[in-house]
$ cat upload-v7.cif   # mmCIF, C-alpha atoms (C1' of nucleotides)
data_model
loop_
_atom_site.label_atom_id
_atom_site.label_comp_id
_atom_site.auth_asym_id
_atom_site.auth_seq_id
_atom_site.Cartn_x
_atom_site.Cartn_y
_atom_site.Cartn_z
CA MET A 1 133.47 103.26 -98.55
CA PRO A 2 132.53 106.85 -99.46
CA SER A 3 135.65 108.96 -99.67
CA GLY A 4 134.23 111.65 -97.39
CA LYS A 5 133.89 109.11 -94.62
CA LEU A 6 137.49 107.92 -95.06
CA LEU A 7 138.70 111.49 -94.62
CA GLU A 8 136.56 112.22 -91.58
CA GLU A 9 137.82 109.10 -89.87
CA LYS A 10 141.37 110.34 -90.24
CA GLY A 11 140.48 113.85 -89.13
CA ILE A 12 141.24 115.34 -92.54
CA LYS A 13 139.01 118.11 -93.73
CA VAL A 14 136.79 117.08 -96.61
CA THR A 15 137.38 119.12 -99.76
CA GLN A 16 136.48 118.67 -103.39
CA ALA A 17 140.08 117.99 -104.36
CA ARG A 18 140.59 115.35 -101.69
CA LYS A 19 137.38 113.56 -102.53
CA GLU A 20 138.35 113.52 -106.19
CA ILE A 21 141.71 111.92 -105.51
CA LEU A 22 140.30 109.28 -103.22
CA GLU A 23 137.45 108.44 -105.57
CA ILE A 24 139.91 107.77 -108.34
CA LEU A 25 142.17 105.70 -106.15
CA GLU A 26 139.15 103.66 -105.11
CA THR A 27 138.42 102.66 -108.69
CA CYS A 28 142.02 101.76 -109.53
CA THR A 29 143.16 98.17 -109.30
CA GLN A 30 146.80 99.14 -109.71
CA PRO A 31 148.82 102.06 -108.37
CA VAL A 32 148.66 105.22 -110.51
CA SER A 33 150.91 108.23 -110.98
CA TYR A 34 149.96 111.88 -111.21
CA GLU A 35 150.63 111.65 -114.93
CA ASN A 36 148.21 108.72 -115.22
CA ILE A 37 145.25 110.57 -113.75
CA LYS A 38 145.91 114.25 -114.29
CA GLU A 39 143.31 114.42 -117.06
CA SER A 40 140.71 113.03 -114.68
CA ILE A 41 141.23 115.51 -111.89
CA SER A 42 140.54 119.22 -111.83
CA MET A 43 143.06 120.41 -109.27
CA ASP A 44 146.50 121.86 -109.65
CA LYS A 45 149.62 119.70 -109.52
CA ALA A 46 150.75 121.30 -106.25
CA THR A 47 147.39 120.65 -104.64
CA PHE A 48 147.47 117.06 -105.79
CA TYR A 49 150.88 116.43 -104.27
CA ARG A 50 150.11 118.32 -101.08
CA ASN A 51 147.06 116.20 -100.54
CA ILE A 52 148.97 113.06 -101.41
CA SER A 53 151.48 113.98 -98.69
CA LYS A 54 148.68 114.46 -96.24
CA PHE A 55 147.20 111.08 -97.13
CA GLU A 56 150.57 109.46 -96.66
CA GLU A 57 151.00 111.00 -93.22
CA SER A 58 147.60 109.67 -92.26
CA ASN A 59 148.44 106.25 -93.57
CA LEU A 60 145.63 106.32 -96.07
CA ILE A 61 147.73 105.59 -99.10
CA ASN A 62 150.90 103.94 -100.21
CA ALA A 63 153.44 105.18 -102.74
CA ILE A 64 155.72 103.07 -104.88
CA GLU A 65 158.35 104.52 -107.15
CA SER A 66 159.02 102.87 -110.48
CA HIS A 67 162.03 103.00 -112.77
CA ASP A 68 160.69 106.09 -114.52
CA LYS A 69 161.25 108.03 -111.27
CA LYS A 70 157.54 108.65 -110.92
CA ARG A 71 155.62 107.76 -107.81
CA TYR A 72 152.58 105.54 -108.07
CA PHE A 73 149.84 105.75 -105.48
CA GLU A 74 147.26 103.34 -104.16
CA LEU A 75 144.82 103.18 -101.28
CA LYS A 76 146.16 101.22 -98.37
CA ARG A 77 144.10 98.09 -98.13
CA LYS A 78 145.52 94.68 -97.35
CA PRO A 79 149.33 94.76 -97.22
CA HIS A 80 150.99 93.22 -100.26
CA ALA A 81 154.18 93.34 -102.24
CA HIS A 82 154.62 95.22 -105.54
CA PHE A 83 156.35 94.44 -108.77
CA THR A 84 157.82 97.23 -110.92
CA CYS A 85 158.72 96.46 -114.52
CA ARG A 86 161.87 98.19 -115.67
CA VAL A 87 160.65 98.04 -119.28
CA CYS A 88 157.08 99.36 -119.15
CA ASN A 89 157.42 100.96 -115.69
CA GLN A 90 154.04 99.67 -114.59
CA VAL A 91 153.57 98.91 -110.94
CA GLU A 92 151.68 95.75 -110.18
CA CYS A 93 150.23 94.51 -106.93
CA ILE A 94 151.41 91.05 -106.00
CA LYS A 95 148.74 89.43 -103.92
CA SER A 96 150.32 86.00 -103.78
CA GLY A 97 152.09 85.03 -100.63
CA ILE A 98 155.33 86.89 -100.27
CA TYR A 99 156.23 87.25 -96.65
CA VAL A 100 159.41 88.89 -95.53
CA THR A 101 160.51 89.40 -91.99
CA LEU A 102 163.71 90.93 -90.67
CA GLN A 103 164.54 90.92 -86.98
CA ASN A 104 164.61 94.47 -85.56
CA TYR A 105 163.55 96.17 -88.78
CA ASP A 106 160.18 97.81 -89.44
CA ILE A 107 159.15 96.60 -92.85
CA GLU A 108 156.75 98.91 -94.65
CA ASN A 109 156.99 97.79 -98.25
CA VAL A 110 158.44 95.05 -100.38
CA ILE A 111 159.24 95.89 -103.97
CA ILE A 112 160.27 93.37 -106.56
CA GLN A 113 161.95 94.75 -109.66
CA GLY A 114 162.46 93.13 -113.01
CA ILE A 115 160.61 92.46 -116.25
CA CYS A 116 156.91 91.65 -116.30
CA PRO A 117 155.46 88.70 -118.24
CA SER A 118 153.97 90.91 -120.93
CA CYS A 119 157.22 92.73 -121.71
CA LYS A 120 159.09 89.45 -121.54
CA LEU A 121 156.87 87.73 -124.07
CA THR A 122 156.90 90.56 -126.55
CA ASN A 123 160.60 91.16 -126.06
CA ARG A 124 160.13 94.84 -125.44
CA LEU A 125 163.28 96.73 -124.65
CA PRO A 126 163.78 99.31 -121.89
CA MET B 127 190.17 91.19 -108.70
CA PRO B 128 192.04 94.13 -110.23
CA SER B 129 189.59 96.56 -111.74
CA GLY B 130 191.40 96.66 -115.07
CA LYS B 131 190.80 92.96 -115.50
CA LEU B 132 187.09 93.28 -114.73
CA LEU B 133 186.77 95.86 -117.48
CA GLU B 134 188.71 93.88 -120.06
CA GLU B 135 186.54 90.84 -119.44
CA LYS B 136 183.49 92.85 -120.30
CA GLY B 137 185.10 94.44 -123.33
CA ILE B 138 185.07 97.90 -121.80
CA LYS B 139 188.03 100.09 -122.52
CA VAL B 140 190.17 100.69 -119.45
CA THR B 141 190.41 104.35 -118.46
CA GLN B 142 191.51 106.15 -115.33
CA ALA B 143 187.98 107.20 -114.49
CA ARG B 144 186.58 103.70 -114.84
CA LYS B 145 189.30 102.15 -112.73
CA GLU B 146 188.70 104.73 -110.03
CA ILE B 147 185.00 104.00 -109.83
CA LEU B 148 185.48 100.25 -109.70
CA GLU B 149 188.24 100.46 -107.11
CA ILE B 150 185.98 102.41 -104.83
CA LEU B 151 183.08 100.05 -105.33
CA GLU B 152 185.37 97.17 -104.52
CA THR B 153 186.17 98.60 -101.12
CA CYS B 154 182.56 99.40 -100.22
CA THR B 155 180.55 96.95 -98.17
CA GLN B 156 177.32 98.83 -98.81
CA PRO B 157 175.97 100.56 -101.91
CA VAL B 158 177.10 104.17 -102.33
CA SER B 159 175.73 107.21 -104.14
CA TYR B 160 177.59 109.72 -106.27
CA GLU B 161 177.23 112.16 -103.38
CA ASN B 162 178.87 109.64 -101.03
CA ILE B 163 182.02 109.27 -103.06
CA LYS B 164 182.39 112.43 -105.10
CA GLU B 165 185.20 113.68 -102.87
CA SER B 166 187.12 110.48 -103.53
CA ILE B 167 186.95 110.59 -107.29
CA SER B 168 188.53 113.03 -109.68
CA MET B 169 186.18 112.87 -112.62
CA ASP B 170 183.26 115.02 -113.59
CA LYS B 171 179.71 114.17 -112.57
CA ALA B 172 178.71 113.48 -116.18
CA THR B 173 181.62 111.12 -116.67
CA PHE B 174 180.76 109.31 -113.48
CA TYR B 175 177.17 108.73 -114.54
CA ARG B 176 178.07 107.81 -118.11
CA ASN B 177 180.43 105.16 -116.84
CA ILE B 178 177.89 103.97 -114.32
CA SER B 179 175.44 103.49 -117.20
CA LYS B 180 178.02 101.54 -119.10
CA PHE B 181 178.70 99.31 -116.10
CA GLU B 182 175.00 98.69 -115.72
CA GLU B 183 174.65 97.68 -119.35
CA SER B 184 177.50 95.24 -118.89
CA ASN B 185 175.94 93.85 -115.76
CA LEU B 186 178.93 94.82 -113.65
CA ILE B 187 177.00 96.80 -111.10
CA ASN B 188 173.64 97.12 -109.49
CA ALA B 189 171.73 100.30 -108.62
CA ILE B 190 169.23 100.75 -105.83
CA GLU B 191 167.28 103.92 -105.30
CA SER B 192 166.53 105.05 -101.79
CA HIS B 193 163.89 107.39 -100.41
CA ASP B 194 166.11 110.40 -100.97
CA LYS B 195 165.76 109.85 -104.74
CA LYS B 196 169.43 109.12 -105.06
CA ARG B 197 170.76 105.99 -106.66
CA TYR B 198 173.17 103.80 -104.73
CA PHE B 199 175.62 101.58 -106.58
CA GLU B 200 177.37 98.34 -105.78
CA LEU B 201 179.41 95.76 -107.61
CA LYS B 202 177.35 92.79 -108.67
CA ARG B 203 178.55 89.87 -106.61
CA LYS B 204 176.24 87.29 -105.11
CA PRO B 205 172.58 88.20 -105.62
CA HIS B 206 170.90 89.48 -102.48
CA ALA B 207 168.06 91.67 -101.35
CA HIS B 208 168.41 95.26 -100.13
CA PHE B 209 166.85 97.24 -97.34
CA THR B 210 166.33 100.99 -97.67
CA CYS B 211 165.62 103.02 -94.54
CA ARG B 212 163.12 105.78 -95.09
CA VAL B 213 164.61 107.71 -92.16
CA CYS B 214 168.36 107.71 -92.78
CA ASN B 215 168.12 106.67 -96.46
CA GLN B 216 170.95 104.19 -96.13
CA VAL B 217 170.87 101.16 -98.35
CA GLU B 218 171.83 97.91 -96.68
CA CYS B 219 172.60 94.55 -98.21
CA ILE B 220 170.51 91.76 -96.77
CA LYS B 221 172.47 88.59 -97.04
CA SER B 222 170.11 86.43 -95.05
CA GLY B 223 167.83 84.13 -96.96
CA ILE B 224 165.16 86.05 -98.73
CA TYR B 225 164.04 84.17 -101.79
CA VAL B 226 161.28 85.42 -104.00
CA THR B 227 160.00 83.75 -107.12
CA LEU B 228 157.18 84.79 -109.41
CA GLN B 229 156.05 82.61 -112.25
CA ASN B 230 156.73 84.23 -115.65
CA TYR B 231 158.48 87.28 -114.22
CA ASP B 232 162.18 88.05 -114.47
CA ILE B 233 163.20 89.14 -111.01
CA GLU B 234 166.25 91.37 -110.93
CA ASN B 235 166.08 92.97 -107.51
CA VAL B 236 164.18 92.75 -104.26
CA ILE B 237 163.98 95.88 -102.17
CA ILE B 238 162.59 96.01 -98.69
CA GLN B 239 161.62 99.42 -97.41
CA GLY B 240 161.06 100.57 -93.87
CA ILE B 241 162.97 101.72 -90.82
CA CYS B 242 166.34 100.27 -89.91
CA PRO B 243 167.19 99.05 -86.40
CA SER B 244 169.44 102.00 -85.66
CA CYS B 245 166.84 104.64 -86.56
CA LYS B 246 164.19 102.64 -84.73
CA LEU B 247 166.14 102.48 -81.50
CA THR B 248 167.08 106.13 -81.48
CA ASN B 249 163.61 107.19 -82.56
CA ARG B 250 164.92 109.30 -85.39
CA LEU B 251 162.27 110.93 -87.51
CA PRO B 252 162.17 111.13 -91.31
"C1'" DA C 253 129.10 139.52 -90.38
"C1'" DA C 254 133.78 139.51 -88.83
"C1'" DT C 255 137.79 136.78 -87.60
"C1'" DT C 256 140.68 133.01 -87.86
"C1'" DA C 257 142.42 128.88 -89.88
"C1'" DT C 258 143.00 125.91 -93.69
"C1'" DA C 259 143.20 124.80 -98.73
"C1'" DT C 260 144.07 126.06 -103.44
"C1'" DG C 261 146.28 127.98 -107.84
"C1'" DC C 262 150.03 129.92 -109.91
"C1'" DG C 263 154.66 130.49 -111.00
"C1'" DA C 264 159.21 130.01 -109.54
"C1'" DC C 265 162.31 126.80 -107.70
"C1'" DT C 266 164.99 122.34 -106.53
"C1'" DT C 267 167.96 118.56 -107.62
"C1'" DA C 268 169.71 113.98 -109.21
"C1'" DG C 269 170.75 112.84 -113.29
"C1'" DT C 270 171.30 113.69 -118.67
"C1'" DC C 271 172.80 115.81 -123.08
"C1'" DG C 272 175.42 118.44 -126.72
"C1'" DC C 273 179.55 119.83 -128.01
"C1'" DA C 274 184.35 120.76 -128.30
"C1'" DA C 275 188.75 119.29 -126.44
"C1'" DA C 276 191.58 115.34 -125.01
"C1'" DA C 277 193.05 110.81 -124.98
"C1'" DA C 278 193.53 106.10 -127.03
"C1'" DA C 279 193.77 102.90 -130.97
"C1'" DG C 280 195.10 101.63 -135.53
"C1'" DG C 281 197.43 102.08 -139.42
"C1'" DA C 282 201.10 103.49 -143.00
"C1'" DT D 283 206.74 108.73 -135.69
"C1'" DC D 284 203.00 111.16 -137.63
"C1'" DC D 285 198.26 111.12 -139.34
"C1'" DT D 286 193.43 109.56 -139.08
"C1'" DT D 287 189.56 107.63 -136.70
"C1'" DT D 288 187.13 106.36 -132.60
"C1'" DT D 289 186.10 106.76 -127.87
"C1'" DT D 290 186.12 109.32 -123.58
"C1'" DT D 291 186.08 113.42 -120.84
"C1'" DG D 292 184.85 118.17 -118.90
"C1'" DC D 293 181.95 121.85 -119.01
"C1'" DG D 294 177.75 124.15 -118.98
"C1'" DA D 295 173.09 123.98 -120.14
"C1'" DC D 296 169.15 121.25 -119.65
"C1'" DT D 297 165.24 117.94 -117.85
"C1'" DA D 298 161.31 116.72 -115.18
"C1'" DA D 299 158.91 115.02 -111.01
"C1'" DG D 300 158.00 117.05 -107.23
"C1'" DT D 301 158.14 121.23 -103.79
"C1'" DC D 302 157.68 125.99 -102.02
"C1'" DG D 303 156.15 130.95 -101.25
"C1'" DC D 304 152.65 133.77 -101.50
"C1'" DA D 305 148.29 135.79 -102.57
"C1'" DT D 306 143.54 134.41 -103.02
"C1'" DA D 307 139.67 131.51 -101.92
"C1'" DT D 308 137.10 128.56 -99.11
"C1'" DA D 309 135.62 126.72 -94.65
"C1'" DA D 310 135.05 126.80 -89.62
"C1'" DT D 311 134.33 129.57 -85.34
"C1'" DT D 312 132.92 133.37 -82.53
#

$ encode --input "upload-v7.cif" --output "structure tokens"
Amino acid sequence: MPSGKLLEEKGIKVTQARKEILEILETCTQPVSYENIKESISMDKATFYRNISKFEESNLINAIESHDKKRYFELKRKPHAHFTCRVCNQVECIKSGIYVTLQNYDIENVIIQGICPSCKLTNRLP
Amino acid sequence: MPSGKLLEEKGIKVTQARKEILEILETCTQPVSYENIKESISMDKATFYRNISKFEESNLINAIESHDKKRYFELKRKPHAHFTCRVCNQVECIKSGIYVTLQNYDIENVIIQGICPSCKLTNRLP
DNA sequence: AATTATATGCGACTTAGTCGCAAAAAAGGA
DNA sequence: TCCTTTTTTGCGACTAAGTCGCATATAATT
């Protein structure tokens, strides 16, 4: 879906900066932080975060915070859980069936924390 | 269990500050932040956090970060999931049966994010 | 074109948590 | 008990992801 269209649908004005952010998020298979993509975007940090806030309000994206205190962003597609590795800090989408329900709570995200297979195998330390 | 004993078992030197922290954590039924308990402790902020780090290394306590970017601490007792409310930021222990397994991952914590029943009912906004 | 509204860049700011260092407290002898 | 070594503490300065105020720029509207 072209990023301009996504924005129009949500009633968000289409700007160069916003298109840039969405286009990058569309190509990413895992959530990314500002740090991860700052070389690939041309806007200022403040503009990036202001637009990210706007996208969050419009329910366009999802943010997950990892152990490094950075927030990682992804387009909202099919709901799924996330795994954050406390060694490499990467945030991974977990597509496999994790279903959590809690009576009377609104559940918006499920985050599993621990050590990912790759860090486990290579015995990397935090 | 007296807090001095807990420390000795883990080979951590017993000091006034450490006993204070543990005694408070022992009385808490929900995870608490530094902010929550700073009036009840007599040590400096740096000392608090240094001891918290030590307790984490020794697997004595657990930390959960909420939406307010603060970390909430609890004694490690029986493993259980946590719920963090993005409106009131409280961290709640979820004792009911949530079991998550992921092949080849080490799972250390499961955090469910959303809106708690109390904030839902009263329609509080973030 | 002129007016109004919204978005952007820049630099200063916020804030939970961390660090360096000197003073204080504990531990271990002799 | 006194002396030496090791660990802990308090204080103030610092860190870093993210936010804010404001002036400028861009877009929409009349």

$ residues_around --input "upload-v7.cif" --residues "Gly11 (chain A)" --least-positions-apart "3" --cutoff "12 Å" --atoms "all atoms listed in the file" --output "ChimeraX atom specification"
/A:4-8,14,54-55,57-60

$ closest_residue --input "upload-v7.cif" --among "C:DA277, C:DC262, C:DC271, C:DA282" --to "DA305 (chain D)" --atoms "all atoms listed in the file"
C:DC262

$ closest_atom_pairs --input "upload-v7.cif" --of "chain C" --to "chain A" --cutoff "12 Å" --atoms "all atoms listed in the file" --output "tab-separated table"
residue	atom	partner	partner_atom	distance
C:DA257	C1'	A:Lys13	CA	11.9
C:DT258	C1'	A:Lys13	CA	8.8
C:DA259	C1'	A:Thr15	CA	8.2
C:DT260	C1'	A:Thr47	CA	6.5
C:DG261	C1'	A:Asp44	CA	6.4
C:DC262	C1'	A:Asp44	CA	8.8
C:DG263	C1'	A:Ala46	CA	11.1
C:DA268	C1'	A:Lys69	CA	10.5
C:DG269	C1'	A:Lys69	CA	10.8

$ resolve_selection --input "upload-v7.cif" --expression "the PyMOL selection byres ((chain A) within 8 of (chain D))" --output "list in words"
Ala46, Tyr49, Lys69 and Lys70 of chain A

$ atom_distance --input "upload-v7.cif" --atom1 "CA of Asn235 (chain B)" --atom2 "CA of Cys88 (chain A)"
16.0 Å

$ atom_distance --input "upload-v7.cif" --atom1 "CA of Ile237 (chain B)" --atom2 "CA of Cys116 (chain A)"
16.4 Å

$ resolve_selection --input "upload-v7.cif" --expression "the PyMOL selection byres ((chain A) within 7 of (chain B))" --output "ChimeraX atom specification"
/A:104-117

$ resolve_selection --input "upload-v7.cif" --expression "the PyMOL selection byres ((chain B and resi 188) around 8)" --output "PyMOL selection string"
chain B and resi 182+185-187+189-190+199-202

$ atom_distance --input "upload-v7.cif" --atom1 "CA of Leu151 (chain B)" --atom2 "CA of Ile163 (chain B)"
9.6 Å
